Amino acid sequence: MPVKRVSGVRGPGTAAVLASLLTLVGCGTGKDTGASPHNPPASSTAPATSSKPTPKPGATATAVELPPLHAGFDYQIGGAYPPPAGVRILSRDRAASPAPGLYNICYVNAFQAQPDERKQWPADLLLRDAHGKVVVDEDWGEALLDIRTPAKRKRVAARVNRWIDGCADKGFDAIEPDNYDSYTRSRHLLTADDATAFITLLSAHAHARHLAIGQKNTVQLAGLRARTGLDFAVAEECGEYDECGTYAKAFHDRVVVIEYTDSGLRKARSGFGGRLSIVRRDVTVSTPGSADYVRRTR
């Protein structure tokens with residue numbers, strides 16, 4: 001089953017969005033990012049044999065390992081396969097297992113309920129409009145999760161944190177929580193403040209499990225990383241949409257980039273090829289042997 005790619009609605013430009021978000025959250029830059037592939041099939045990869053190591057004596061409760069800078073990267077959330085030569089950073093779905101010897105990022109859909117999991121969520125944790133109708137990301141049929149109040153954020157986080165625990169137990173090094181920007185698709189029911197408050201809860205739990213946590217897209221909130229506790233960025237199409245510089249500045253070049261077009265890859269490499277971890281993938285994030293499979297680094 002192919003993975004999804006969300007075409008985000010682009011606003012009136014960086015300056016205009018910045019002005020509105022300064023009022024909303026006090027800071028932040030840029031415009032909404034575009035694509036967000038997710039909902040991959042469960043991997044058939046064998047279970048990992050390792051788990052997160054015991055922290056070294058003297059390490060703090062929040063000690064985490066950050067992804068290496070400017071390292072070979074592959075994005076495998078659509079299905080796991082043997083890492084290509086030169087890869088040091090790898091992102092896979094939470095149903096998969098990490099690759100031994102690499103820096104492994106674990107993908108979780110944290111802000112929306114995937115169609116096959118919607119019934120597993122309590123009805124009151126699905127975002128509803130004034131008529132009681134569930135608010136859905138129409139591109140992919142995913143119900144948005146209701147994170148409008150501290151009590152609901154805590155309950156949603158408790159469920160997502162169990163997935164984070166699973167990633168830690170398998171031996172992943174970091175978490176990639178998707179749909180941070182779901183508030184932009186919420187018909188104004190959710191705010192940037194709701195999103196940042198929720199992801200801050202996930203950051204605290206990830207760090208307690210000695211996992212780093214990445215900001216997935218949502219370039220307009222990159223400036224809030226100190227408040228939210230996010231450690232690095234997973235940026236889709238930042239080359240295509242001239243957003244790589246904002247991520248690079250906010251996360252001190254600790255950014256992994258996925259481009260879905262040759263033009264995007266050229267632009268990303270032209271400006272940041274010597275600084276960021278960049279890969280070109282197909283929009284279905286397919287596996288080798290598929291007719292759609294594309295993976296390039298130059």
# chains A, B, ... in the order shown; residues from 1 in each chain; ligands from 1
$ residues_around --residues "segment 99-116 of chain A" --least-positions-apart "6" --cutoff "7 Å" --atoms "only C-alpha atoms" --output "list of chain:residue names"
A:Asn39, A:Pro67, A:Ile77, A:Arg88, A:Ile89, A:Leu90, A:Ser91, A:Arg92, A:Asp93, A:Gly141, A:Glu142, A:Ala143, A:Leu144, A:Leu145, A:Val160, A:Cys167, A:Phe172, A:Asp173, A:Ala174, A:Ile175, A:Glu176, A:Pro177, A:Asp178, A:Asn179, A:Tyr180, A:Ser182
$ write_last_selection --atoms "N, CA, C and O atoms" --output "tab-separated table (two decimals), in the first residue's frame"
chain	number	residue	atom	x	y	z
A	39	ASN	N	1.58	6.93	7.29
A	39	ASN	CA	0.71	5.77	7.25
A	39	ASN	C	1.32	4.62	6.45
A	39	ASN	O	0.68	4.05	5.57
A	67	PRO	N	21.37	13.20	16.19
A	67	PRO	CA	21.82	12.65	14.90
A	67	PRO	C	23.11	13.32	14.46
A	67	PRO	O	23.33	14.50	14.73
A	77	ILE	N	10.09	5.21	5.69
A	77	ILE	CA	8.84	5.06	6.43
A	77	ILE	C	7.78	4.29	5.64
A	77	ILE	O	6.76	3.88	6.19
A	88	ARG	N	24.11	6.70	7.34
A	88	ARG	CA	24.37	6.69	8.78
A	88	ARG	C	23.14	7.04	9.59
A	88	ARG	O	23.07	6.76	10.79
A	89	ILE	N	22.16	7.68	8.95
A	89	ILE	CA	20.91	8.05	9.62
A	89	ILE	C	19.76	7.42	8.86
A	89	ILE	O	19.70	7.50	7.62
A	90	LEU	N	18.81	6.83	9.58
A	90	LEU	CA	17.71	6.10	8.95
A	90	LEU	C	16.42	6.40	9.69
A	90	LEU	O	16.38	6.39	10.92
A	91	SER	N	15.34	6.67	8.94
A	91	SER	CA	14.03	6.85	9.56
A	91	SER	C	13.11	5.74	9.09
A	91	SER	O	12.99	5.50	7.88
A	92	ARG	N	12.48	5.05	10.05
A	92	ARG	CA	11.54	3.98	9.76
A	92	ARG	C	10.29	4.12	10.62
A	92	ARG	O	10.31	4.75	11.67
A	93	ASP	N	9.21	3.49	10.17
A	93	ASP	CA	7.96	3.50	10.92
A	93	ASP	C	8.12	2.75	12.24
A	93	ASP	O	8.97	1.86	12.38
A	141	GLY	N	-8.02	11.11	4.98
A	141	GLY	CA	-9.06	10.50	5.79
A	141	GLY	C	-8.68	10.29	7.24
A	141	GLY	O	-9.21	9.39	7.90
A	142	GLU	N	-7.79	11.12	7.76
A	142	GLU	CA	-7.35	10.98	9.14
A	142	GLU	C	-8.07	11.97	10.05
A	142	GLU	O	-8.09	13.18	9.79
A	143	ALA	N	-8.64	11.47	11.12
A	143	ALA	CA	-9.28	12.34	12.11
A	143	ALA	C	-8.21	13.07	12.90
A	143	ALA	O	-7.21	12.48	13.33
A	144	LEU	N	-8.39	14.37	13.09
A	144	LEU	CA	-7.49	15.14	13.93
A	144	LEU	C	-7.76	14.82	15.39
A	144	LEU	O	-8.92	14.60	15.78
A	145	LEU	N	-6.73	14.80	16.20
A	145	LEU	CA	-6.88	14.54	17.63
A	145	LEU	C	-7.13	15.85	18.37
A	145	LEU	O	-6.61	16.91	18.00
A	160	VAL	N	0.20	8.20	22.81
A	160	VAL	CA	1.34	8.33	21.92
A	160	VAL	C	2.63	7.91	22.65
A	160	VAL	O	3.53	7.31	22.05
A	167	CYS	N	9.26	2.34	20.65
A	167	CYS	CA	10.44	2.70	19.87
A	167	CYS	C	11.70	2.59	20.71
A	167	CYS	O	12.73	2.08	20.26
A	172	PHE	N	15.55	2.26	19.01
A	172	PHE	CA	15.65	3.47	18.22
A	172	PHE	C	16.38	4.56	19.02
A	172	PHE	O	16.42	4.52	20.25
A	173	ASP	N	16.91	5.52	18.31
A	173	ASP	CA	17.63	6.63	18.93
A	173	ASP	C	16.81	7.90	19.05
A	173	ASP	O	17.14	8.78	19.85
A	174	ALA	N	15.76	8.02	18.23
A	174	ALA	CA	15.01	9.28	18.17
A	174	ALA	C	13.58	9.02	17.69
A	174	ALA	O	13.27	7.96	17.15
A	175	ILE	N	12.75	10.04	17.87
A	175	ILE	CA	11.34	9.99	17.49
A	175	ILE	C	11.05	11.08	16.45
A	175	ILE	O	11.57	12.19	16.54
A	176	GLU	N	10.21	10.75	15.48
A	176	GLU	CA	9.74	11.69	14.47
A	176	GLU	C	8.22	11.76	14.56
A	176	GLU	O	7.51	10.99	13.91
A	177	PRO	N	7.66	12.67	15.37
A	177	PRO	CA	6.20	12.76	15.50
A	177	PRO	C	5.61	13.60	14.36
A	177	PRO	O	5.89	14.78	14.24
A	178	ASP	N	4.76	12.97	13.56
A	178	ASP	CA	4.24	13.63	12.37
A	178	ASP	C	2.98	14.44	12.67
A	178	ASP	O	2.29	14.23	13.66
A	179	ASN	N	2.70	15.36	11.74
A	179	ASN	CA	1.48	16.20	11.74
A	179	ASN	C	1.46	17.25	12.84
A	179	ASN	O	0.39	17.64	13.33
A	180	TYR	N	2.63	17.73	13.21
A	180	TYR	CA	2.75	18.89	14.12
A	180	TYR	C	1.91	20.05	13.59
A	180	TYR	O	1.37	20.84	14.36
A	182	SER	N	-0.98	19.96	12.17
A	182	SER	CA	-2.40	19.63	11.99
A	182	SER	C	-3.31	20.80	12.37
A	182	SER	O	-4.43	20.90	11.87
$ select_by_dssp --residues "segment 221-290 of chain A" --states "strand (DSSP E or B)" --output "PDB file with N, CA and C atoms, in the first residue's frame"
ATOM      1  N   PHE A 232      16.126  18.231  16.754  1.00  0.00           N
ATOM      2  CA  PHE A 232      16.575  18.301  15.367  1.00  0.00           C
ATOM      3  C   PHE A 232      15.335  18.447  14.497  1.00  0.00           C
ATOM      4  N   ALA A 233      15.513  18.528  13.193  1.00  0.00           N
ATOM      5  CA  ALA A 233      14.365  18.701  12.298  1.00  0.00           C
ATOM      6  C   ALA A 233      14.364  17.641  11.208  1.00  0.00           C
ATOM      7  N   VAL A 234      13.154  17.216  10.844  1.00  0.00           N
ATOM      8  CA  VAL A 234      12.917  16.365   9.681  1.00  0.00           C
ATOM      9  C   VAL A 234      12.126  17.227   8.703  1.00  0.00           C
ATOM     10  N   ALA A 235      12.780  17.679   7.647  1.00  0.00           N
ATOM     11  CA  ALA A 235      12.184  18.682   6.769  1.00  0.00           C
ATOM     12  C   ALA A 235      11.934  18.108   5.386  1.00  0.00           C
ATOM     13  N   GLU A 236      10.664  18.050   5.006  1.00  0.00           N
ATOM     14  CA  GLU A 236      10.298  17.610   3.667  1.00  0.00           C
ATOM     15  C   GLU A 236      10.209  18.809   2.727  1.00  0.00           C
ATOM     16  N   VAL A 255      19.696  18.775  10.682  1.00  0.00           N
ATOM     17  CA  VAL A 255      18.477  18.683   9.892  1.00  0.00           C
ATOM     18  C   VAL A 255      18.624  17.549   8.883  1.00  0.00           C
ATOM     19  N   VAL A 256      17.606  16.676   8.811  1.00  0.00           N
ATOM     20  CA  VAL A 256      17.545  15.684   7.741  1.00  0.00           C
ATOM     21  C   VAL A 256      16.471  16.134   6.763  1.00  0.00           C
ATOM     22  N   VAL A 257      16.788  16.075   5.481  1.00  0.00           N
ATOM     23  CA  VAL A 257      15.947  16.659   4.438  1.00  0.00           C
ATOM     24  C   VAL A 257      15.507  15.578   3.461  1.00  0.00           C
ATOM     25  N   ILE A 258      14.204  15.566   3.134  1.00  0.00           N
ATOM     26  CA  ILE A 258      13.670  14.681   2.111  1.00  0.00           C
ATOM     27  C   ILE A 258      13.085  15.549   1.001  1.00  0.00           C
ATOM     28  N   GLU A 259      13.612  15.385  -0.202  1.00  0.00           N
ATOM     29  CA  GLU A 259      13.060  16.056  -1.372  1.00  0.00           C
ATOM     30  C   GLU A 259      12.364  15.021  -2.246  1.00  0.00           C
ATOM     31  N   SER A 277      21.776  16.798   5.946  1.00  0.00           N
ATOM     32  CA  SER A 277      21.666  15.408   5.472  1.00  0.00           C
ATOM     33  C   SER A 277      20.483  15.343   4.512  1.00  0.00           C
ATOM     34  N   ILE A 278      20.749  15.136   3.223  1.00  0.00           N
ATOM     35  CA  ILE A 278      19.730  15.321   2.191  1.00  0.00           C
ATOM     36  C   ILE A 278      19.573  14.056   1.352  1.00  0.00           C
ATOM     37  N   VAL A 279      18.325  13.686   1.078  1.00  0.00           N
ATOM     38  CA  VAL A 279      18.051  12.555   0.206  1.00  0.00           C
ATOM     39  C   VAL A 279      16.860  12.879  -0.685  1.00  0.00           C
ATOM     40  N   ARG A 280      16.876  12.352  -1.887  1.00  0.00           N
ATOM     41  CA  ARG A 280      15.719  12.435  -2.806  1.00  0.00           C
ATOM     42  C   ARG A 280      15.021  11.088  -2.782  1.00  0.00           C
ATOM     43  N   ARG A 281      13.736  11.088  -2.442  1.00  0.00           N
ATOM     44  CA  ARG A 281      12.941   9.868  -2.428  1.00  0.00           C
ATOM     45  C   ARG A 281      11.729  10.048  -3.326  1.00  0.00           C
TER      46      ARG A 281
END
$ closest_residue --among "A:Cys244, A:Ile164, A:Ala158, A:Leu221" --to "Ser270 of chain A" --atoms "only C-alpha atoms"
A:Cys244
